[in-house]
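S.K.: So here's final-v4.cif, just mmCIF, C-alpha atoms, pLDDT in the B column; chains and numbers go by the auth columns:
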data_protein
loop_
_atom_site.group_PDB
_atom_site.id
_atom_site.type_symbol
_atom_site.label_atom_id
_atom_site.label_comp_id
_atom_site.label_asym_id
_atom_site.label_seq_id
_atom_site.Cartn_x
_atom_site.Cartn_y
_atom_site.Cartn_z
_atom_site.B_iso_or_equiv
_atom_site.auth_seq_id
_atom_site.auth_asym_id
ATOM 1 C CA MET A 1 0.000 0.000 0.000 47.00 1 H
ATOM 2 C CA SER A 2 1.417 3.385 -0.957 66.00 2 H
ATOM 3 C CA GLU A 3 1.695 6.522 1.170 77.00 3 H
ATOM 4 C CA TYR A 4 0.659 9.986 0.183 77.00 4 H
ATOM 5 C CA ARG A 5 3.236 12.692 -0.295 78.00 5 H
ATOM 6 C CA ILE A 6 2.972 16.467 -0.431 78.00 6 H
ATOM 7 C CA ILE A 7 4.731 18.364 -3.189 79.00 7 H
ATOM 8 C CA ASN A 8 5.046 22.032 -4.079 80.00 8 H
ATOM 9 C CA GLU A 9 4.254 22.803 -7.680 78.00 9 H
ATOM 10 C CA ASP A 10 4.295 26.393 -8.962 79.00 10 H
ATOM 11 C CA GLY A 11 3.958 27.656 -5.386 78.00 11 H
ATOM 12 C CA GLU A 12 0.933 25.434 -4.688 80.00 12 H
ATOM 13 C CA LYS A 13 0.812 22.653 -2.134 79.00 13 H
ATOM 14 C CA ILE A 14 -0.467 19.417 -3.734 83.00 14 H
ATOM 15 C CA LEU A 15 -0.983 16.049 -2.111 77.00 15 H
ATOM 16 C CA VAL A 16 -0.238 13.087 -4.377 84.00 16 H
ATOM 17 C CA TYR A 17 -1.637 9.632 -3.622 76.00 17 H
ATOM 18 C CA ASP A 18 -1.554 6.895 -6.250 74.00 18 H
ATOM 19 C CA ASN A 19 -3.123 8.530 -9.325 75.00 19 H
ATOM 20 C CA GLU A 20 -4.935 11.295 -7.434 82.00 20 H
ATOM 21 C CA ARG A 21 -3.656 14.852 -7.073 84.00 21 H
ATOM 22 C CA ILE A 22 -5.355 16.880 -4.362 89.00 22 H
ATOM 23 C CA LYS A 23 -4.966 20.655 -4.458 90.00 23 H
ATOM 24 C CA VAL A 24 -5.269 22.722 -1.295 91.00 24 H
ATOM 25 C CA LEU A 25 -8.446 24.774 -1.099 93.00 25 H
ATOM 26 C CA ILE A 26 -8.278 25.739 2.604 95.00 26 H
ATOM 27 C CA ASP A 27 -4.990 25.263 4.454 92.00 27 H
ATOM 28 C CA GLU A 28 -4.482 24.180 8.066 94.00 28 H
ATOM 29 C CA SER A 29 -3.839 27.634 9.541 96.00 29 H
ATOM 30 C CA THR A 30 -6.929 29.105 7.859 97.00 30 H
ATOM 31 C CA LEU A 31 -9.046 26.231 9.206 97.00 31 H
ATOM 32 C CA GLU A 32 -7.655 26.719 12.710 98.00 32 H
ATOM 33 C CA LYS A 33 -8.375 30.451 12.667 98.00 33 H
ATOM 34 C CA LYS A 34 -11.965 29.947 11.458 98.00 34 H
ATOM 35 C CA VAL A 35 -12.677 27.245 14.060 98.00 35 H
ATOM 36 C CA LYS A 36 -11.467 29.620 16.800 98.00 36 H
ATOM 37 C CA GLU A 37 -13.776 32.361 15.445 98.00 37 H
ATOM 38 C CA LEU A 38 -16.758 30.020 15.321 98.00 38 H
ATOM 39 C CA GLY A 39 -15.975 28.739 18.820 98.00 39 H
ATOM 40 C CA ALA A 40 -15.894 32.256 20.244 98.00 40 H
ATOM 41 C CA GLN A 41 -19.204 33.206 18.597 98.00 41 H
ATOM 42 C CA ILE A 42 -20.971 30.004 19.673 98.00 42 H
ATOM 43 C CA THR A 43 -19.624 30.380 23.241 97.00 43 H
ATOM 44 C CA GLU A 44 -21.052 33.894 23.383 97.00 44 H
ATOM 45 C CA ASP A 45 -24.430 32.916 21.900 97.00 45 H
ATOM 46 C CA TYR A 46 -24.904 29.784 24.026 96.00 46 H
ATOM 47 C CA ARG A 47 -23.724 31.154 27.352 93.00 47 H
ATOM 48 C CA ASP A 48 -26.213 29.887 30.011 91.00 48 H
ATOM 49 C CA LYS A 49 -28.088 27.697 27.478 92.00 49 H
ATOM 50 C CA ASP A 50 -26.684 24.185 28.113 89.00 50 H
ATOM 51 C CA PRO A 51 -26.642 23.139 24.429 95.00 51 H
ATOM 52 C CA VAL A 52 -26.639 19.697 22.848 96.00 52 H
ATOM 53 C CA LEU A 53 -24.204 19.535 19.937 97.00 53 H
ATOM 54 C CA ILE A 54 -25.073 16.935 17.343 97.00 54 H
ATOM 55 C CA SER A 55 -22.165 15.967 15.146 95.00 55 H
ATOM 56 C CA VAL A 56 -23.178 14.555 11.785 92.00 56 H
ATOM 57 C CA LEU A 57 -20.835 11.637 11.166 90.00 57 H
ATOM 58 C CA ARG A 58 -18.510 10.847 9.715 89.00 58 H
ATOM 59 C CA GLY A 59 -17.372 13.930 7.873 90.00 59 H
ATOM 60 C CA SER A 60 -17.671 16.336 10.796 94.00 60 H
ATOM 61 C CA PHE A 61 -15.706 14.361 13.382 95.00 61 H
ATOM 62 C CA ILE A 62 -12.464 16.361 13.102 97.00 62 H
ATOM 63 C CA PHE A 63 -14.311 19.680 12.874 97.00 63 H
ATOM 64 C CA VAL A 64 -16.466 18.935 15.940 97.00 64 H
ATOM 65 C CA ALA A 65 -13.422 17.793 17.952 97.00 65 H
ATOM 66 C CA ASP A 66 -11.556 21.023 17.183 97.00 66 H
ATOM 67 C CA LEU A 67 -14.678 23.148 17.691 98.00 67 H
ATOM 68 C CA CYS A 68 -15.499 21.575 21.086 96.00 68 H
ATOM 69 C CA ARG A 69 -12.042 22.491 22.345 97.00 69 H
ATOM 70 C CA GLU A 70 -12.823 26.134 21.502 97.00 70 H
ATOM 71 C CA LEU A 71 -16.205 26.188 23.281 97.00 71 H
ATOM 72 C CA LYS A 72 -15.880 27.628 26.758 96.00 72 H
ATOM 73 C CA LEU A 73 -19.167 26.307 28.134 95.00 73 H
ATOM 74 C CA PRO A 74 -20.722 23.081 29.385 93.00 74 H
ATOM 75 C CA LEU A 75 -22.360 21.021 26.664 93.00 75 H
ATOM 76 C CA VAL A 76 -23.605 17.602 25.693 95.00 76 H
ATOM 77 C CA LEU A 77 -22.145 16.052 22.569 96.00 77 H
ATOM 78 C CA ASP A 78 -24.008 13.391 20.633 96.00 78 H
ATOM 79 C CA PHE A 79 -23.618 11.862 17.195 96.00 79 H
ATOM 80 C CA MET A 80 -25.824 10.936 14.277 94.00 80 H
ATOM 81 C CA ALA A 81 -24.786 9.266 11.069 91.00 81 H
ATOM 82 C CA VAL A 82 -26.699 9.789 7.875 87.00 82 H
ATOM 83 C CA ALA A 83 -25.923 8.447 4.436 78.00 83 H
ATOM 84 C CA SER A 84 -26.678 9.832 0.997 70.00 84 H
ATOM 85 C CA TYR A 85 -23.416 9.481 -0.957 54.00 85 H
ATOM 86 C CA GLY A 86 -22.055 5.950 -0.565 51.00 86 H
ATOM 87 C CA ASP A 87 -18.863 5.720 -2.644 51.00 87 H
ATOM 88 C CA SER A 88 -20.014 8.297 -5.178 48.00 88 H
ATOM 89 C CA LYS A 89 -19.096 11.950 -5.633 51.00 89 H
ATOM 90 C CA VAL A 90 -22.792 12.751 -6.181 53.00 90 H
ATOM 91 C CA SER A 91 -25.553 12.430 -3.593 51.00 91 H
ATOM 92 C CA SER A 92 -28.062 9.702 -4.334 52.00 92 H
ATOM 93 C CA GLY A 93 -30.871 11.911 -3.026 62.00 93 H
ATOM 94 C CA ILE A 94 -31.950 9.130 -0.672 75.00 94 H
ATOM 95 C CA VAL A 95 -31.133 9.921 2.949 78.00 95 H
ATOM 96 C CA ARG A 96 -31.124 7.368 5.725 82.00 96 H
ATOM 97 C CA ILE A 97 -30.115 7.484 9.387 89.00 97 H
ATOM 98 C CA THR A 98 -27.448 4.889 10.105 90.00 98 H
ATOM 99 C CA LYS A 99 -26.742 5.935 13.729 92.00 99 H
ATOM 100 C CA ASP A 100 -29.227 7.733 15.935 90.00 100 H
ATOM 101 C CA LEU A 101 -28.843 9.913 19.023 93.00 101 H
ATOM 102 C CA GLU A 102 -28.277 8.404 22.438 93.00 102 H
ATOM 103 C CA PHE A 103 -29.596 11.411 24.394 91.00 103 H
ATOM 104 C CA SER A 104 -32.993 13.081 24.384 94.00 104 H
ATOM 105 C CA ILE A 105 -33.112 16.566 22.879 96.00 105 H
ATOM 106 C CA GLU A 106 -36.624 17.375 24.090 96.00 106 H
ATOM 107 C CA ALA A 107 -36.793 20.989 25.330 96.00 107 H
ATOM 108 C CA ARG A 108 -33.044 21.437 24.682 96.00 108 H
ATOM 109 C CA GLU A 109 -31.048 23.940 22.649 97.00 109 H
ATOM 110 C CA VAL A 110 -29.642 21.950 19.719 97.00 110 H
ATOM 111 C CA LEU A 111 -26.712 22.879 17.521 98.00 111 H
ATOM 112 C CA ILE A 112 -26.151 20.619 14.518 97.00 112 H
ATOM 113 C CA ILE A 113 -22.480 20.439 13.512 97.00 113 H
ATOM 114 C CA GLU A 114 -22.157 19.619 9.823 95.00 114 H
ATOM 115 C CA ASP A 115 -19.070 19.285 7.658 95.00 115 H
ATOM 116 C CA ILE A 116 -20.556 20.512 4.371 93.00 116 H
ATOM 117 C CA VAL A 117 -23.862 21.717 2.988 90.00 117 H
ATOM 118 C CA ASP A 118 -24.132 20.551 -0.598 85.00 118 H
ATOM 119 C CA SER A 119 -27.583 19.901 -2.098 79.00 119 H
ATOM 120 C CA GLY A 120 -29.120 20.612 1.317 81.00 120 H
ATOM 121 C CA ARG A 121 -31.353 17.518 1.209 84.00 121 H
ATOM 122 C CA THR A 122 -29.495 15.579 3.903 85.00 122 H
ATOM 123 C CA LEU A 123 -29.480 18.522 6.305 88.00 123 H
ATOM 124 C CA ASN A 124 -33.137 19.304 5.574 89.00 124 H
ATOM 125 C CA TYR A 125 -34.084 15.690 6.294 90.00 125 H
ATOM 126 C CA LEU A 126 -32.086 15.752 9.517 92.00 126 H
ATOM 127 C CA VAL A 127 -33.624 19.016 10.745 93.00 127 H
ATOM 128 C CA LYS A 128 -37.169 17.729 10.094 93.00 128 H
ATOM 129 C CA ASN A 129 -36.347 14.515 11.937 94.00 129 H
ATOM 130 C CA LEU A 130 -34.972 16.426 14.935 95.00 130 H
ATOM 131 C CA ILE A 131 -37.862 18.922 15.051 96.00 131 H
ATOM 132 C CA ALA A 132 -40.188 15.951 15.591 96.00 132 H
ATOM 133 C CA ARG A 133 -38.278 15.290 18.837 96.00 133 H
ATOM 134 C CA ASN A 134 -39.427 18.633 20.311 97.00 134 H
ATOM 135 C CA PRO A 135 -36.204 20.521 20.980 97.00 135 H
ATOM 136 C CA LYS A 136 -36.411 24.062 22.314 97.00 136 H
ATOM 137 C CA ASN A 137 -34.465 25.348 19.312 96.00 137 H
ATOM 138 C CA ILE A 138 -32.299 24.051 16.460 97.00 138 H
ATOM 139 C CA GLU A 139 -29.431 25.936 14.839 97.00 139 H
ATOM 140 C CA ILE A 140 -26.861 24.799 12.294 96.00 140 H
ATOM 141 C CA CYS A 141 -23.098 25.188 12.193 97.00 141 H
ATOM 142 C CA ALA A 142 -21.499 24.120 8.904 96.00 142 H
ATOM 143 C CA LEU A 143 -17.816 24.263 8.152 97.00 143 H
ATOM 144 C CA LEU A 144 -18.371 24.425 4.386 96.00 144 H
ATOM 145 C CA ASP A 145 -21.182 25.776 2.229 93.00 145 H
ATOM 146 C CA LYS A 146 -20.850 24.633 -1.377 92.00 146 H
ATOM 147 C CA ASN A 147 -21.941 27.078 -4.059 86.00 147 H
ATOM 148 C CA VAL A 148 -24.499 24.940 -5.904 84.00 148 H
ATOM 149 C CA PRO A 149 -28.108 25.497 -6.954 77.00 149 H
ATOM 150 C CA ARG A 150 -30.423 24.119 -4.266 73.00 150 H
ATOM 151 C CA LYS A 151 -34.003 22.986 -4.263 72.00 151 H
ATOM 152 C CA VAL A 152 -33.897 22.897 -0.469 71.00 152 H
ATOM 153 C CA GLU A 153 -32.616 25.807 1.606 74.00 153 H
ATOM 154 C CA ASN A 154 -31.257 25.466 5.122 76.00 154 H
ATOM 155 C CA ARG A 155 -30.618 28.351 7.461 86.00 155 H
ATOM 156 C CA VAL A 156 -26.990 27.995 8.537 92.00 156 H
ATOM 157 C CA LYS A 157 -26.351 30.321 11.477 96.00 157 H
ATOM 158 C CA TYR A 158 -22.620 29.589 11.844 97.00 158 H
ATOM 159 C CA LYS A 159 -20.710 29.115 8.616 96.00 159 H
ATOM 160 C CA GLY A 160 -17.022 28.577 8.101 97.00 160 H
ATOM 161 C CA PHE A 161 -16.377 28.946 4.379 97.00 161 H
ATOM 162 C CA ASP A 162 -18.202 29.323 1.090 95.00 162 H
ATOM 163 C CA ILE A 163 -16.554 26.999 -1.419 96.00 163 H
ATOM 164 C CA PRO A 164 -16.837 26.473 -5.178 93.00 164 H
ATOM 165 C CA ASN A 165 -18.674 23.519 -6.674 91.00 165 H
ATOM 166 C CA LYS A 166 -15.820 21.035 -6.292 91.00 166 H
ATOM 167 C CA PHE A 167 -15.751 17.657 -4.593 91.00 167 H
ATOM 168 C CA VAL A 168 -13.678 18.293 -1.463 94.00 168 H
ATOM 169 C CA VAL A 169 -11.752 15.949 0.807 94.00 169 H
ATOM 170 C CA GLY A 170 -9.639 16.201 3.938 94.00 170 H
ATOM 171 C CA TYR A 171 -10.241 17.423 7.496 96.00 171 H
ATOM 172 C CA GLY A 172 -12.753 14.604 7.943 95.00 172 H
ATOM 173 C CA LEU A 173 -14.279 14.627 4.451 95.00 173 H
ATOM 174 C CA ASP A 174 -13.722 11.582 2.279 91.00 174 H
ATOM 175 C CA TYR A 175 -14.012 10.036 -1.126 88.00 175 H
ATOM 176 C CA GLY A 176 -14.657 6.306 -0.864 86.00 176 H
ATOM 177 C CA GLU A 177 -13.563 6.477 2.795 86.00 177 H
ATOM 178 C CA LYS A 178 -10.106 7.787 1.815 87.00 178 H
ATOM 179 C CA TYR A 179 -8.508 11.187 2.555 90.00 179 H
ATOM 180 C CA ARG A 180 -10.286 11.957 5.867 92.00 180 H
ATOM 181 C CA ASN A 181 -6.896 12.301 7.591 91.00 181 H
ATOM 182 C CA ILE A 182 -5.522 15.011 5.290 90.00 182 H
ATOM 183 C CA PRO A 183 -4.978 18.070 7.544 92.00 183 H
ATOM 184 C CA PHE A 184 -6.344 20.575 5.006 93.00 184 H
ATOM 185 C CA ILE A 185 -9.377 20.767 2.734 96.00 185 H
ATOM 186 C CA GLY A 186 -8.590 20.122 -0.886 93.00 186 H
ATOM 187 C CA TYR A 187 -10.142 18.984 -4.093 92.00 187 H
ATOM 188 C CA ILE A 188 -9.223 16.162 -6.409 85.00 188 H
ATOM 189 C CA GLU A 189 -7.564 17.873 -9.346 78.00 189 H
ATOM 190 C CA ASN A 190 -8.456 15.306 -11.998 70.00 190 H
ATOM 191 C CA GLU A 191 -12.144 14.972 -11.148 57.00 191 H
#
Could the structure of this file be written out as C-alpha cells, please?

M.R.:
Amino acid sequence: MSEYRIINEDGEKILVYDNERIKVLIDESTLEKKVKELGAQITEDYRDKDPVLISVLRGSFIFVADLCRELKLPLVLDFMAVASYGDSKVSSGIVRITKDLEFSIEAREVLIIEDIVDSGRTLNYLVKNLIARNPKNIEICALLDKNVPRKVENRVKYKGFDIPNKFVVGYGLDYGEKYRNIPFIGYIENE
C-alpha cells in the first residue's frame, strides 16, 4: 500500500496519492483560525443555554473535535450518522439514518455540527427529523457551504467557508472512505 506525499508545484501545495492529485483549497492555519472564530461566537451565543451539539458523522468528526475544544461552556455532545453518498461523488438523493442519538433533545437547545452543505437535502431531512423530537431550538453550524443550486434551503447560522462547486476531501471529508486524515481541505484535481 502506498503513502501519500505532499509536493510544491508552482507555489501550490499538492498532495499526491496513487493517481490522485489533491490541491489545497483551505490550508491548516486558515481552518484553525476559522474554528477559533466560530468557537468564540458560539460560546457567546450559548452562554447559560446548556446546548446539545449533534455531530453529523462521519465527515464532521475532526471539525467537531476542534470546535469543542474552543467552546468555553458546558455542553452535551451526541452523534448521528446519515448516508446519501455511498462511494459516489454525487448524492443519491436518498437519505437514511445509520446511527441515531443516544440522548434526548426534548426541550433542549440543539446545535447541529455539519461538515458541508451541498444539495441541502441531507441537512433538511435531519432538521425535520430532529424537530419531531421537540427541541427548544435548532441551529446549524457548517464548516463548508458549497456554491451549488439548491431545491432545499437550510438556514446555517454559523458558517465557516463558502466553497466552489468542487468535490472536497480532507479534514474529515472523504471520497470512498479515503482522505479523511488530510490536515487541510482540498479537491481532487483530476475529477

S.K.: Using the chain letters and residue numbers of this document, give as a VMD selection string the residues selected by the PyMOL selection byres ((chain H and resi 54) around 6).

M.R.: chain H and resid 53 55 78 to 79 112 to 113

S.K.: Considering all atoms listed in the file, return as a PyMOL selection string whatever protein or nucleic-acid residues lie within 6 Å of range 126-138 of chain H, sequence-local ones (same chain, fewer than 3 positions apart) excluded.

M.R.: chain H and resi 105-111+123

S.K.: Counting only C-alpha atoms, which of H:Asn147, H:Gln41, H:Asn190, H:Thr122 gets nearest to Val16 in chain H?

M.R.: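 Closest to Val16 in chain H of all the choices is H:Asn190.
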
S.K.: Within 12 Å of (5.4, 7.5, -0.7) in the file's own coordinates, which protein, DNA or RNA residues have an atom, counting only C-alpha atoms? List them as a PyMOL selection string.

M.R.: chain H and resi 1-7+15-18

S.K.: Do you know which residues the PyMOL selection byres ((chain H and resi 31) around 12) returns on this file, as a list of chain:residue names?

M.R.: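 Those residues are H:Val24, H:Leu25, H:Ile26, H:Asp27, H:Glu28, H:Ser29, H:Thr30, H:Glu32, H:Lys33, H:Lys34, H:Val35, H:Lys36, H:Glu37, H:Leu38, H:Ile62, H:Phe63, H:Asp66, H:Leu67, H:Leu143, H:Leu144, H:Gly160, H:Phe161, H:Gly170, H:Tyr171, H:Pro183, H:Phe184, H:Ile185, H:Gly186.
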
S.K.: Go ahead and write the selection's residues with C-alpha atoms as a PDB file, in the frame of the given file.

M.R.:
ATOM      1  CA  VAL H  24      -5.269  22.722  -1.295  1.00 91.00           C
ATOM      2  CA  LEU H  25      -8.446  24.774  -1.099  1.00 93.00           C
ATOM      3  CA  ILE H  26      -8.278  25.739   2.604  1.00 95.00           C
ATOM      4  CA  ASP H  27      -4.990  25.263   4.454  1.00 92.00           C
ATOM      5  CA  GLU H  28      -4.482  24.180   8.066  1.00 94.00           C
ATOM      6  CA  SER H  29      -3.839  27.634   9.541  1.00 96.00           C
ATOM      7  CA  THR H  30      -6.929  29.105   7.859  1.00 97.00           C
ATOM      8  CA  GLU H  32      -7.655  26.719  12.710  1.00 98.00           C
ATOM      9  CA  LYS H  33      -8.375  30.451  12.667  1.00 98.00           C
ATOM     10  CA  LYS H  34     -11.965  29.947  11.458  1.00 98.00           C
ATOM     11  CA  VAL H  35     -12.677  27.245  14.060  1.00 98.00           C
ATOM     12  CA  LYS H  36     -11.467  29.620  16.800  1.00 98.00           C
ATOM     13  CA  GLU H  37     -13.776  32.361  15.445  1.00 98.00           C
ATOM     14  CA  LEU H  38     -16.758  30.020  15.321  1.00 98.00           C
ATOM     15  CA  ILE H  62     -12.464  16.361  13.102  1.00 97.00           C
ATOM     16  CA  PHE H  63     -14.311  19.680  12.874  1.00 97.00           C
ATOM     17  CA  ASP H  66     -11.556  21.023  17.183  1.00 97.00           C
ATOM     18  CA  LEU H  67     -14.678  23.148  17.691  1.00 98.00           C
ATOM     19  CA  LEU H 143     -17.816  24.263   8.152  1.00 97.00           C
ATOM     20  CA  LEU H 144     -18.371  24.425   4.386  1.00 96.00           C
ATOM     21  CA  GLY H 160     -17.022  28.577   8.101  1.00 97.00           C
ATOM     22  CA  PHE H 161     -16.377  28.946   4.379  1.00 97.00           C
ATOM     23  CA  GLY H 170      -9.639  16.201   3.938  1.00 94.00           C
ATOM     24  CA  TYR H 171     -10.241  17.423   7.496  1.00 96.00           C
ATOM     25  CA  PRO H 183      -4.978  18.070   7.544  1.00 92.00           C
ATOM     26  CA  PHE H 184      -6.344  20.575   5.006  1.00 93.00           C
ATOM     27  CA  ILE H 185      -9.377  20.767   2.734  1.00 96.00           C
ATOM     28  CA  GLY H 186      -8.590  20.122  -0.886  1.00 93.00           C
TER      29      GLY H 186
END

S.K.: Can you tell me how far CA of Glu114 in chain H sits from CA of Val148 in chain H, in Å to one decimal?

M.R.: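 About the pair CA of Glu114 in chain H and CA of Val148 in chain H: they are 16.8 Å apart.
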
S.K.: Need to verify the contact set: Leu71 in chain H, 6 Å, all atoms listed in the file, exclusion of same-chain residues closer than 2 positions in sequence. Can you return it as a list in words?

M.R.: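 Once the adjacent positions are removed, what remains is Gly39, Thr43, Cys68, Arg69 and Leu73 of chain H.
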
S.K.: Restricted to C-alpha atoms, what does range 65-154 of chain H look like when written out as a compact mmCIF listing (two decimals), in the first residue's frame?

M.R.:
# COMPACT_ATOMS: atom_id res chain seq x y z
CA ALA H 65 -13.42 17.79 17.95
CA ASP H 66 -11.56 21.02 17.18
CA LEU H 67 -14.68 23.15 17.69
CA CYS H 68 -15.50 21.57 21.09
CA ARG H 69 -12.04 22.49 22.34
CA GLU H 70 -12.82 26.13 21.50
CA LEU H 71 -16.20 26.19 23.28
CA LYS H 72 -15.88 27.63 26.76
CA LEU H 73 -19.17 26.31 28.13
CA PRO H 74 -20.72 23.08 29.39
CA LEU H 75 -22.36 21.02 26.66
CA VAL H 76 -23.60 17.60 25.69
CA LEU H 77 -22.14 16.05 22.57
CA ASP H 78 -24.01 13.39 20.63
CA PHE H 79 -23.62 11.86 17.19
CA MET H 80 -25.82 10.94 14.28
CA ALA H 81 -24.79 9.27 11.07
CA VAL H 82 -26.70 9.79 7.87
CA ALA H 83 -25.92 8.45 4.44
CA SER H 84 -26.68 9.83 1.00
CA TYR H 85 -23.42 9.48 -0.96
CA GLY H 86 -22.06 5.95 -0.56
CA ASP H 87 -18.86 5.72 -2.64
CA SER H 88 -20.01 8.30 -5.18
CA LYS H 89 -19.10 11.95 -5.63
CA VAL H 90 -22.79 12.75 -6.18
CA SER H 91 -25.55 12.43 -3.59
CA SER H 92 -28.06 9.70 -4.33
CA GLY H 93 -30.87 11.91 -3.03
CA ILE H 94 -31.95 9.13 -0.67
CA VAL H 95 -31.13 9.92 2.95
CA ARG H 96 -31.12 7.37 5.72
CA ILE H 97 -30.11 7.48 9.39
CA THR H 98 -27.45 4.89 10.10
CA LYS H 99 -26.74 5.94 13.73
CA ASP H 100 -29.23 7.73 15.93
CA LEU H 101 -28.84 9.91 19.02
CA GLU H 102 -28.28 8.40 22.44
CA PHE H 103 -29.60 11.41 24.39
CA SER H 104 -32.99 13.08 24.38
CA ILE H 105 -33.11 16.57 22.88
CA GLU H 106 -36.62 17.38 24.09
CA ALA H 107 -36.79 20.99 25.33
CA ARG H 108 -33.04 21.44 24.68
CA GLU H 109 -31.05 23.94 22.65
CA VAL H 110 -29.64 21.95 19.72
CA LEU H 111 -26.71 22.88 17.52
CA ILE H 112 -26.15 20.62 14.52
CA ILE H 113 -22.48 20.44 13.51
CA GLU H 114 -22.16 19.62 9.82
CA ASP H 115 -19.07 19.28 7.66
CA ILE H 116 -20.56 20.51 4.37
CA VAL H 117 -23.86 21.72 2.99
CA ASP H 118 -24.13 20.55 -0.60
CA SER H 119 -27.58 19.90 -2.10
CA GLY H 120 -29.12 20.61 1.32
CA ARG H 121 -31.35 17.52 1.21
CA THR H 122 -29.50 15.58 3.90
CA LEU H 123 -29.48 18.52 6.30
CA ASN H 124 -33.14 19.30 5.57
CA TYR H 125 -34.08 15.69 6.29
CA LEU H 126 -32.09 15.75 9.52
CA VAL H 127 -33.62 19.02 10.74
CA LYS H 128 -37.17 17.73 10.09
CA ASN H 129 -36.35 14.52 11.94
CA LEU H 130 -34.97 16.43 14.93
CA ILE H 131 -37.86 18.92 15.05
CA ALA H 132 -40.19 15.95 15.59
CA ARG H 133 -38.28 15.29 18.84
CA ASN H 134 -39.43 18.63 20.31
CA PRO H 135 -36.20 20.52 20.98
CA LYS H 136 -36.41 24.06 22.31
CA ASN H 137 -34.46 25.35 19.31
CA ILE H 138 -32.30 24.05 16.46
CA GLU H 139 -29.43 25.94 14.84
CA ILE H 140 -26.86 24.80 12.29
CA CYS H 141 -23.10 25.19 12.19
CA ALA H 142 -21.50 24.12 8.90
CA LEU H 143 -17.82 24.26 8.15
CA LEU H 144 -18.37 24.43 4.39
CA ASP H 145 -21.18 25.78 2.23
CA LYS H 146 -20.85 24.63 -1.38
CA ASN H 147 -21.94 27.08 -4.06
CA VAL H 148 -24.50 24.94 -5.90
CA PRO H 149 -28.11 25.50 -6.95
CA ARG H 150 -30.42 24.12 -4.27
CA LYS H 151 -34.00 22.99 -4.26
CA VAL H 152 -33.90 22.90 -0.47
CA GLU H 153 -32.62 25.81 1.61
CA ASN H 154 -31.26 25.47 5.12
